[in-house]
>>> print(open('work.cif').read())   # mmCIF, C-alpha atoms
data_run
loop_
_atom_site.label_atom_id
_atom_site.label_comp_id
_atom_site.auth_asym_id
_atom_site.auth_seq_id
_atom_site.Cartn_x
_atom_site.Cartn_y
_atom_site.Cartn_z
CA MET A 9 14.03 -28.48 -17.85
CA LYS A 10 11.09 -29.52 -15.66
CA LYS A 11 13.11 -28.67 -12.54
CA LEU A 12 13.87 -25.20 -13.93
CA ILE A 13 10.20 -24.52 -14.69
CA PHE A 14 9.22 -25.79 -11.24
CA ALA A 15 11.85 -23.57 -9.59
CA LEU A 16 10.70 -20.51 -11.55
CA ALA A 17 7.06 -21.20 -10.74
CA THR A 18 7.90 -21.63 -7.05
CA CYS A 19 9.84 -18.33 -7.01
CA ALA A 20 6.98 -16.53 -8.77
CA LEU A 21 4.51 -17.90 -6.23
CA LEU A 22 6.69 -16.87 -3.28
CA PHE A 23 7.17 -13.33 -4.60
CA SER A 24 3.49 -12.85 -5.44
CA THR A 25 2.37 -13.97 -1.97
CA GLN A 26 4.87 -11.76 -0.15
CA ASP A 27 3.06 -8.56 -1.20
CA THR A 28 -0.30 -9.97 -0.17
CA SER A 29 0.86 -11.08 3.26
CA ALA A 30 2.66 -7.76 3.82
CA GLN A 31 -0.56 -5.91 3.02
CA LYS A 32 -2.65 -8.25 5.19
CA SER A 33 -0.32 -7.61 8.13
CA GLN A 34 -1.12 -3.88 7.95
CA ASP A 35 -4.30 -2.62 9.57
CA ILE A 36 -6.69 -0.14 7.97
CA VAL A 37 -4.91 2.88 9.46
CA ASP A 38 -1.45 1.63 8.42
CA ILE A 39 -2.64 1.27 4.83
CA ALA A 40 -4.32 4.70 4.85
CA VAL A 41 -1.13 6.31 6.19
CA SER A 42 0.93 4.62 3.45
CA VAL A 43 -1.22 6.03 0.61
CA ASP A 44 -0.57 9.67 -0.30
CA ASP A 45 -4.11 10.08 -1.67
CA PHE A 46 -5.52 9.38 1.82
CA SER A 47 -3.61 12.19 3.57
CA THR A 48 -6.76 14.26 4.19
CA LEU A 49 -8.58 11.19 5.48
CA VAL A 50 -5.71 10.43 7.87
CA THR A 51 -5.71 14.05 9.09
CA ALA A 52 -9.46 13.80 9.69
CA LEU A 53 -9.15 10.44 11.50
CA LYS A 54 -6.57 11.98 13.84
CA ALA A 55 -8.71 15.10 14.44
CA ALA A 56 -11.75 12.93 15.24
CA ASP A 57 -9.67 10.66 17.50
CA LEU A 58 -10.65 7.57 15.50
CA VAL A 59 -7.19 6.16 14.77
CA GLY A 60 -7.29 3.86 17.81
CA ALA A 61 -10.73 2.53 16.92
CA LEU A 62 -9.74 1.71 13.33
CA LYS A 63 -6.57 0.01 14.54
CA GLY A 64 -8.82 -2.30 16.60
CA ASP A 65 -9.64 -5.91 15.81
CA GLY A 66 -12.66 -5.18 13.61
CA PRO A 67 -13.41 -6.46 11.16
CA PHE A 68 -14.38 -3.20 9.43
CA THR A 69 -15.30 -2.22 5.91
CA VAL A 70 -14.15 1.33 5.20
CA PHE A 71 -15.34 3.33 2.22
CA ALA A 72 -12.33 5.64 2.06
CA PRO A 73 -12.58 8.93 0.17
CA VAL A 74 -9.51 10.16 -1.68
CA ASN A 75 -8.09 13.67 -1.30
CA SER A 76 -9.97 14.95 -4.36
CA GLY A 77 -13.22 13.88 -2.67
CA PHE A 78 -12.40 15.97 0.39
CA ALA A 79 -11.41 18.85 -1.93
CA LYS A 80 -15.03 19.01 -3.13
CA ILE A 81 -16.03 20.13 0.36
CA ASP A 82 -15.82 23.89 0.83
CA SER A 83 -12.37 24.53 2.37
CA GLU A 84 -13.83 26.71 5.13
CA THR A 85 -16.24 23.93 6.10
CA LEU A 86 -13.52 21.28 6.00
CA ASN A 87 -11.16 23.39 8.11
CA ALA A 88 -13.95 24.01 10.63
CA LEU A 89 -14.67 20.26 10.86
CA LEU A 90 -11.01 19.60 11.68
CA GLN A 91 -11.15 21.89 14.74
CA PRO A 92 -11.33 20.26 18.21
CA GLU A 93 -14.75 21.78 18.96
CA ASN A 94 -16.21 19.87 15.97
CA LYS A 95 -14.67 16.50 16.85
CA GLU A 96 -18.04 14.77 17.39
CA LYS A 97 -19.49 16.07 14.12
CA LEU A 98 -16.36 14.96 12.23
CA ALA A 99 -16.46 11.55 13.93
CA ALA A 100 -20.11 11.16 12.87
CA ILE A 101 -19.18 11.88 9.24
CA LEU A 102 -16.19 9.52 9.28
CA THR A 103 -18.02 6.63 11.00
CA TYR A 104 -20.68 7.03 8.29
CA HIS A 105 -17.97 5.64 5.98
CA VAL A 106 -17.50 2.48 8.07
CA VAL A 107 -19.57 -0.70 8.11
CA SER A 108 -19.13 -3.46 10.68
CA GLY A 109 -17.77 -6.67 9.18
CA LYS A 110 -15.58 -7.42 6.21
CA LEU A 111 -17.60 -6.86 3.04
CA MET A 112 -15.57 -7.82 0.01
CA ALA A 113 -16.64 -6.66 -3.46
CA THR A 114 -18.17 -10.10 -4.09
CA ASP A 115 -20.33 -9.67 -0.96
CA VAL A 116 -21.57 -6.27 -2.14
CA ALA A 117 -22.23 -7.68 -5.63
CA ALA A 118 -24.23 -10.58 -4.12
CA ALA A 119 -26.26 -8.13 -2.00
CA LEU A 120 -26.93 -6.03 -5.11
CA THR A 121 -28.13 -9.10 -6.99
CA GLN A 122 -30.36 -10.12 -4.09
CA GLY A 123 -31.72 -6.57 -3.76
CA ASN A 124 -32.44 -6.08 -7.47
CA GLY A 125 -29.59 -3.63 -7.96
CA LYS A 126 -29.75 -1.97 -4.52
CA ALA A 127 -28.32 -2.84 -1.13
CA GLU A 128 -28.58 -0.96 2.14
CA LEU A 129 -25.51 -0.88 4.35
CA ALA A 130 -25.76 -0.01 8.05
CA THR A 131 -22.91 2.29 9.06
CA LEU A 132 -21.21 2.56 12.44
CA ASN A 133 -22.78 5.94 13.11
CA GLY A 134 -26.26 4.39 12.84
CA GLY A 135 -26.99 5.70 9.36
CA LYS A 136 -27.54 3.88 6.11
CA LEU A 137 -25.67 3.97 2.80
CA THR A 138 -27.31 2.60 -0.31
CA ALA A 139 -25.11 0.75 -2.78
CA MET A 140 -26.40 0.79 -6.35
CA LYS A 141 -25.15 -0.54 -9.63
CA LYS A 142 -25.14 2.09 -12.38
CA ASP A 143 -23.81 1.08 -15.77
CA ASP A 144 -20.83 -1.14 -14.92
CA ASP A 145 -19.89 0.66 -11.72
CA ILE A 146 -21.07 0.58 -8.12
CA TYR A 147 -22.00 3.82 -6.37
CA LEU A 148 -22.92 4.74 -2.82
CA GLU A 149 -25.86 7.05 -2.21
CA ASP A 150 -25.68 8.96 1.06
CA ALA A 151 -28.48 10.21 3.31
CA GLN A 152 -28.56 13.53 1.42
CA GLY A 153 -28.99 11.92 -2.00
CA ASN A 154 -25.39 12.48 -3.13
CA TRP A 155 -23.45 9.81 -5.02
CA SER A 156 -19.91 8.52 -4.73
CA LYS A 157 -18.38 6.02 -7.14
CA ILE A 158 -16.45 3.10 -5.71
CA SER A 159 -13.28 3.37 -7.77
CA LYS A 160 -11.23 0.52 -6.28
CA THR A 161 -12.27 -2.45 -4.18
CA ASP A 162 -10.82 -5.04 -1.85
CA VAL A 163 -7.75 -3.37 -0.36
CA VAL A 164 -7.39 -6.06 2.29
CA ALA A 165 -6.11 -5.16 5.76
CA SER A 166 -5.47 -7.28 8.84
CA ASN A 167 -8.66 -5.91 10.44
CA GLY A 168 -10.95 -5.54 7.45
CA VAL A 169 -11.10 -4.12 3.96
CA ILE A 170 -10.95 -0.72 2.29
CA HIS A 171 -12.97 0.28 -0.77
CA ILE A 172 -11.80 3.54 -2.31
CA ILE A 173 -14.51 6.09 -3.14
CA GLU A 174 -14.34 9.33 -5.11
CA ASP A 175 -16.43 11.57 -2.83
CA VAL A 176 -17.11 12.06 0.87
CA VAL A 177 -20.53 10.64 1.75
CA MET A 178 -22.57 12.64 4.26
CA PRO A 179 -25.04 11.53 6.92
CA ASN A 180 -28.15 13.54 7.81
#
>>> encode(input="work.cif", output="structure tokens")
Amino acid sequence: MKKLIFALATCALLFSTQDTSAQKSQDIVDIAVSVDDFSTLVTALKAADLVGALKGDGPFTVFAPVNSGFAKIDSETLNALLQPENKEKLAAILTYHVVSGKLMATDVAAALTQGNGKAELATLNGGKLTAMKKDDDIYLEDAQGNWSKISKTDVVASNGVIHIIEDVVMPN
């Protein structure tokens, strides 16, 4: 009986670690491409020519907006941003969603505790995002005073981590 329990526990451990290692072998872009709700983000990354950068070694922390977050942007504005002549502007918006280093949810929570409920995050475009705890959730405040809820944390990639947010955050 003990051998059977040991064998079952070993199998359960092997199967549970396979998913984790498969996910960790994918980089940030691979994960984004594999998630239907990131299709607009992937389109924007391609238009801004940032795919290569986010496939790099990193580590990066990406606050990734879902499709419904992009849908809140006026469609005419979004379509204009995706045009080649607006590549730099689009890249500035997208790199505003990226922080250097691998900040897990526990790291953000520790920074919030240390900062009395607030933590400033320096983004790759040179801007700042402010993380704040409201009720039981964590939100990002952008440079324009808009808020985006972090809806899922710690999607681990080989070159960093993705935290899923509900809205696109905008730099100045």
>>> residues_around(input="work.cif", residues="A:Phe71", least_positions_apart="4", cutoff="10 Å", atoms="all atoms listed in the file", output="list of chain:residue names")
A:Leu102, A:Thr103, A:Tyr104, A:His105, A:Val106, A:Val107, A:Leu148, A:Ser156, A:Ile158, A:Lys160, A:Thr161, A:Val169, A:Ile170, A:His171, A:Ile172, A:Ile173, A:Glu174, A:Asp175, A:Val176, A:Val177
>>> atom_distance(input="work.cif", atom1="atom CA of A:Val50", atom2="atom CA of A:Phe78")
11.5 Å
>>> resolve_selection(input="work.cif", expression="the PyMOL selection byres ((chain A and resi 96) around 12)", output="MDAnalysis selection string")
chainID A and resid 52:53 55:58 89:95 97:103 133
>>> residues_around(input="work.cif", residues="A:Gly66", least_positions_apart="6", cutoff="12 Å", atoms="all atoms listed in the file", output="list in words")
Asp35, Ile36, Val37, Gly60, Val106, Val107, Ser108, Gly109, Lys110, Leu111, Leu132, Ala165, Ser166, Asn167, Gly168 and Val169 of chain A
>>> closest_residue(input="work.cif", among="A:Lys54, A:Lys80, A:Lys142, A:Lys63", to="A:Lys157", atoms="all atoms listed in the file")
A:Lys142
>>> closest_residue(input="work.cif", among="A:Met178, A:Val41, A:Leu62, A:Ala88", to="A:Lys136", atoms="all atoms listed in the file")
A:Met178
>>> closest_residue(input="work.cif", among="A:Val59, A:Met140, A:Leu49, A:Val116", to="A:Asn75", atoms="only C-alpha atoms")
A:Leu49
>>> atom_distance(input="work.cif", atom1="atom CA of A:Ile146", atom2="atom CA of A:Ala40")
21.6 Å
>>> closest_residue(input="work.cif", among="A:Asn180, A:Thr138, A:Thr131, A:Ser47", to="A:Gln152", atoms="only C-alpha atoms")
A:Asn180
>>> residues_around(input="work.cif", residues="A:Ile39", least_positions_apart="5", cutoff="10 Å", atoms="only C-alpha atoms", output="PyMOL selection string")
chain A and resi 31-34+46+163-166+170
>>> atom_distance(input="work.cif", atom1="atom CA of A:Lys141", atom2="atom CA of A:Asp115")
13.5 Å
>>> closest_residue(input="work.cif", among="A:Leu137, A:Ala151, A:Leu129, A:Met112", to="A:Pro67", atoms="only C-alpha atoms")
A:Met112
>>> axis_aligned_box(input="work.cif", around="stretch 60-73 of chain A", padding_each_side="8 Å", output="JSON")
{"center_x": -11.0, "center_y": 1.2, "center_z": 9.0, "size_x": 24.8, "size_y": 31.4, "size_z": 33.6}
>>> decode(input="work.cif", residues="stretch 113-126 of chain A", atoms="all heavy atoms", output="PDB file, in the first residue's frame")
ATOM      1  N   ALA A 113       4.684  38.894  -7.755  1.00  0.00           N
ATOM      2  CA  ALA A 113       3.637  39.520  -6.953  1.00  0.00           C
ATOM      3  C   ALA A 113       4.114  39.763  -5.519  1.00  0.00           C
ATOM      4  O   ALA A 113       3.795  40.791  -4.920  1.00  0.00           O
ATOM      5  CB  ALA A 113       2.378  38.667  -6.962  1.00  0.00           C
ATOM      6  N   THR A 114       4.901  38.833  -4.985  1.00  0.00           N
ATOM      7  CA  THR A 114       5.408  39.008  -3.614  1.00  0.00           C
ATOM      8  C   THR A 114       6.348  40.210  -3.525  1.00  0.00           C
ATOM      9  O   THR A 114       6.372  40.899  -2.514  1.00  0.00           O
ATOM     10  CB  THR A 114       6.138  37.740  -3.121  1.00  0.00           C
ATOM     11  OG1 THR A 114       7.150  37.389  -4.065  1.00  0.00           O
ATOM     12  CG2 THR A 114       5.171  36.586  -2.935  1.00  0.00           C
ATOM     13  N   ASP A 115       7.108  40.474  -4.602  1.00  0.00           N
ATOM     14  CA  ASP A 115       7.998  41.642  -4.626  1.00  0.00           C
ATOM     15  C   ASP A 115       7.192  42.938  -4.632  1.00  0.00           C
ATOM     16  O   ASP A 115       7.532  43.899  -3.939  1.00  0.00           O
ATOM     17  CB  ASP A 115       8.912  41.607  -5.857  1.00  0.00           C
ATOM     18  CG  ASP A 115       9.793  40.370  -5.897  1.00  0.00           C
ATOM     19  OD1 ASP A 115      10.313  39.968  -4.841  1.00  0.00           O
ATOM     20  OD2 ASP A 115       9.953  39.805  -6.988  1.00  0.00           O
ATOM     21  N   VAL A 116       6.126  42.968  -5.430  1.00  0.00           N
ATOM     22  CA  VAL A 116       5.264  44.153  -5.492  1.00  0.00           C
ATOM     23  C   VAL A 116       4.583  44.353  -4.140  1.00  0.00           C
ATOM     24  O   VAL A 116       4.531  45.473  -3.625  1.00  0.00           O
ATOM     25  CB  VAL A 116       4.230  44.033  -6.639  1.00  0.00           C
ATOM     26  CG1 VAL A 116       3.266  45.216  -6.623  1.00  0.00           C
ATOM     27  CG2 VAL A 116       4.934  43.943  -7.991  1.00  0.00           C
ATOM     28  N   ALA A 117       4.092  43.270  -3.548  1.00  0.00           N
ATOM     29  CA  ALA A 117       3.439  43.360  -2.234  1.00  0.00           C
ATOM     30  C   ALA A 117       4.413  43.884  -1.177  1.00  0.00           C
ATOM     31  O   ALA A 117       4.045  44.735  -0.357  1.00  0.00           O
ATOM     32  CB  ALA A 117       2.883  42.009  -1.823  1.00  0.00           C
ATOM     33  N   ALA A 118       5.660  43.426  -1.209  1.00  0.00           N
ATOM     34  CA  ALA A 118       6.668  43.906  -0.249  1.00  0.00           C
ATOM     35  C   ALA A 118       6.948  45.392  -0.462  1.00  0.00           C
ATOM     36  O   ALA A 118       7.074  46.152   0.508  1.00  0.00           O
ATOM     37  CB  ALA A 118       7.961  43.098  -0.390  1.00  0.00           C
ATOM     38  N   ALA A 119       7.021  45.817  -1.725  1.00  0.00           N
ATOM     39  CA  ALA A 119       7.249  47.240  -2.026  1.00  0.00           C
ATOM     40  C   ALA A 119       6.064  48.081  -1.563  1.00  0.00           C
ATOM     41  O   ALA A 119       6.240  49.194  -1.060  1.00  0.00           O
ATOM     42  CB  ALA A 119       7.491  47.432  -3.520  1.00  0.00           C
ATOM     43  N   LEU A 120       4.855  47.546  -1.701  1.00  0.00           N
ATOM     44  CA  LEU A 120       3.660  48.259  -1.236  1.00  0.00           C
ATOM     45  C   LEU A 120       3.676  48.401   0.282  1.00  0.00           C
ATOM     46  O   LEU A 120       3.339  49.456   0.817  1.00  0.00           O
ATOM     47  CB  LEU A 120       2.390  47.543  -1.684  1.00  0.00           C
ATOM     48  CG  LEU A 120       2.067  47.637  -3.166  1.00  0.00           C
ATOM     49  CD1 LEU A 120       0.926  46.687  -3.535  1.00  0.00           C
ATOM     50  CD2 LEU A 120       1.710  49.056  -3.559  1.00  0.00           C
ATOM     51  N   THR A 121       4.082  47.362   0.971  1.00  0.00           N
ATOM     52  CA  THR A 121       4.172  47.410   2.433  1.00  0.00           C
ATOM     53  C   THR A 121       5.208  48.440   2.854  1.00  0.00           C
ATOM     54  O   THR A 121       4.965  49.263   3.736  1.00  0.00           O
ATOM     55  CB  THR A 121       4.528  46.024   3.001  1.00  0.00           C
ATOM     56  OG1 THR A 121       3.505  45.105   2.612  1.00  0.00           O
ATOM     57  CG2 THR A 121       4.657  46.057   4.507  1.00  0.00           C
ATOM     58  N   GLN A 122       6.352  48.404   2.193  1.00  0.00           N
ATOM     59  CA  GLN A 122       7.433  49.342   2.520  1.00  0.00           C
ATOM     60  C   GLN A 122       7.039  50.783   2.192  1.00  0.00           C
ATOM     61  O   GLN A 122       7.450  51.711   2.874  1.00  0.00           O
ATOM     62  CB  GLN A 122       8.690  48.949   1.745  1.00  0.00           C
ATOM     63  CG  GLN A 122       9.943  49.630   2.219  1.00  0.00           C
ATOM     64  CD  GLN A 122      11.169  49.055   1.517  1.00  0.00           C
ATOM     65  OE1 GLN A 122      11.108  48.697   0.346  1.00  0.00           O
ATOM     66  NE2 GLN A 122      12.267  48.981   2.229  1.00  0.00           N
ATOM     67  N   GLY A 123       6.235  50.966   1.160  1.00  0.00           N
ATOM     68  CA  GLY A 123       5.836  52.310   0.734  1.00  0.00           C
ATOM     69  C   GLY A 123       4.495  52.756   1.264  1.00  0.00           C
ATOM     70  O   GLY A 123       3.865  53.656   0.701  1.00  0.00           O
ATOM     71  N   ASN A 124       4.017  52.120   2.336  1.00  0.00           N
ATOM     72  CA  ASN A 124       2.728  52.463   2.934  1.00  0.00           C
ATOM     73  C   ASN A 124       1.586  52.418   1.925  1.00  0.00           C
ATOM     74  O   ASN A 124       0.776  53.344   1.824  1.00  0.00           O
ATOM     75  CB  ASN A 124       2.787  53.835   3.626  1.00  0.00           C
ATOM     76  CG  ASN A 124       3.716  53.838   4.811  1.00  0.00           C
ATOM     77  OD1 ASN A 124       3.737  52.888   5.593  1.00  0.00           O
ATOM     78  ND2 ASN A 124       4.505  54.886   4.943  1.00  0.00           N
ATOM     79  N   GLY A 125       1.533  51.359   1.154  1.00  0.00           N
ATOM     80  CA  GLY A 125       0.431  51.162   0.220  1.00  0.00           C
ATOM     81  C   GLY A 125       0.673  51.675  -1.182  1.00  0.00           C
ATOM     82  O   GLY A 125      -0.194  51.569  -2.040  1.00  0.00           O
ATOM     83  N   LYS A 126       1.864  52.248  -1.437  1.00  0.00           N
ATOM     84  CA  LYS A 126       2.211  52.767  -2.765  1.00  0.00           C
ATOM     85  C   LYS A 126       3.614  52.325  -3.128  1.00  0.00           C
ATOM     86  O   LYS A 126       4.477  52.239  -2.270  1.00  0.00           O
ATOM     87  CB  LYS A 126       2.227  54.304  -2.765  1.00  0.00           C
ATOM     88  CG  LYS A 126       0.953  54.969  -3.085  1.00  0.00           C
ATOM     89  CD  LYS A 126       1.221  56.472  -3.219  1.00  0.00           C
ATOM     90  CE  LYS A 126      -0.017  57.190  -3.668  1.00  0.00           C
ATOM     91  NZ  LYS A 126       0.208  58.614  -3.841  1.00  0.00           N
TER      92      LYS A 126
END
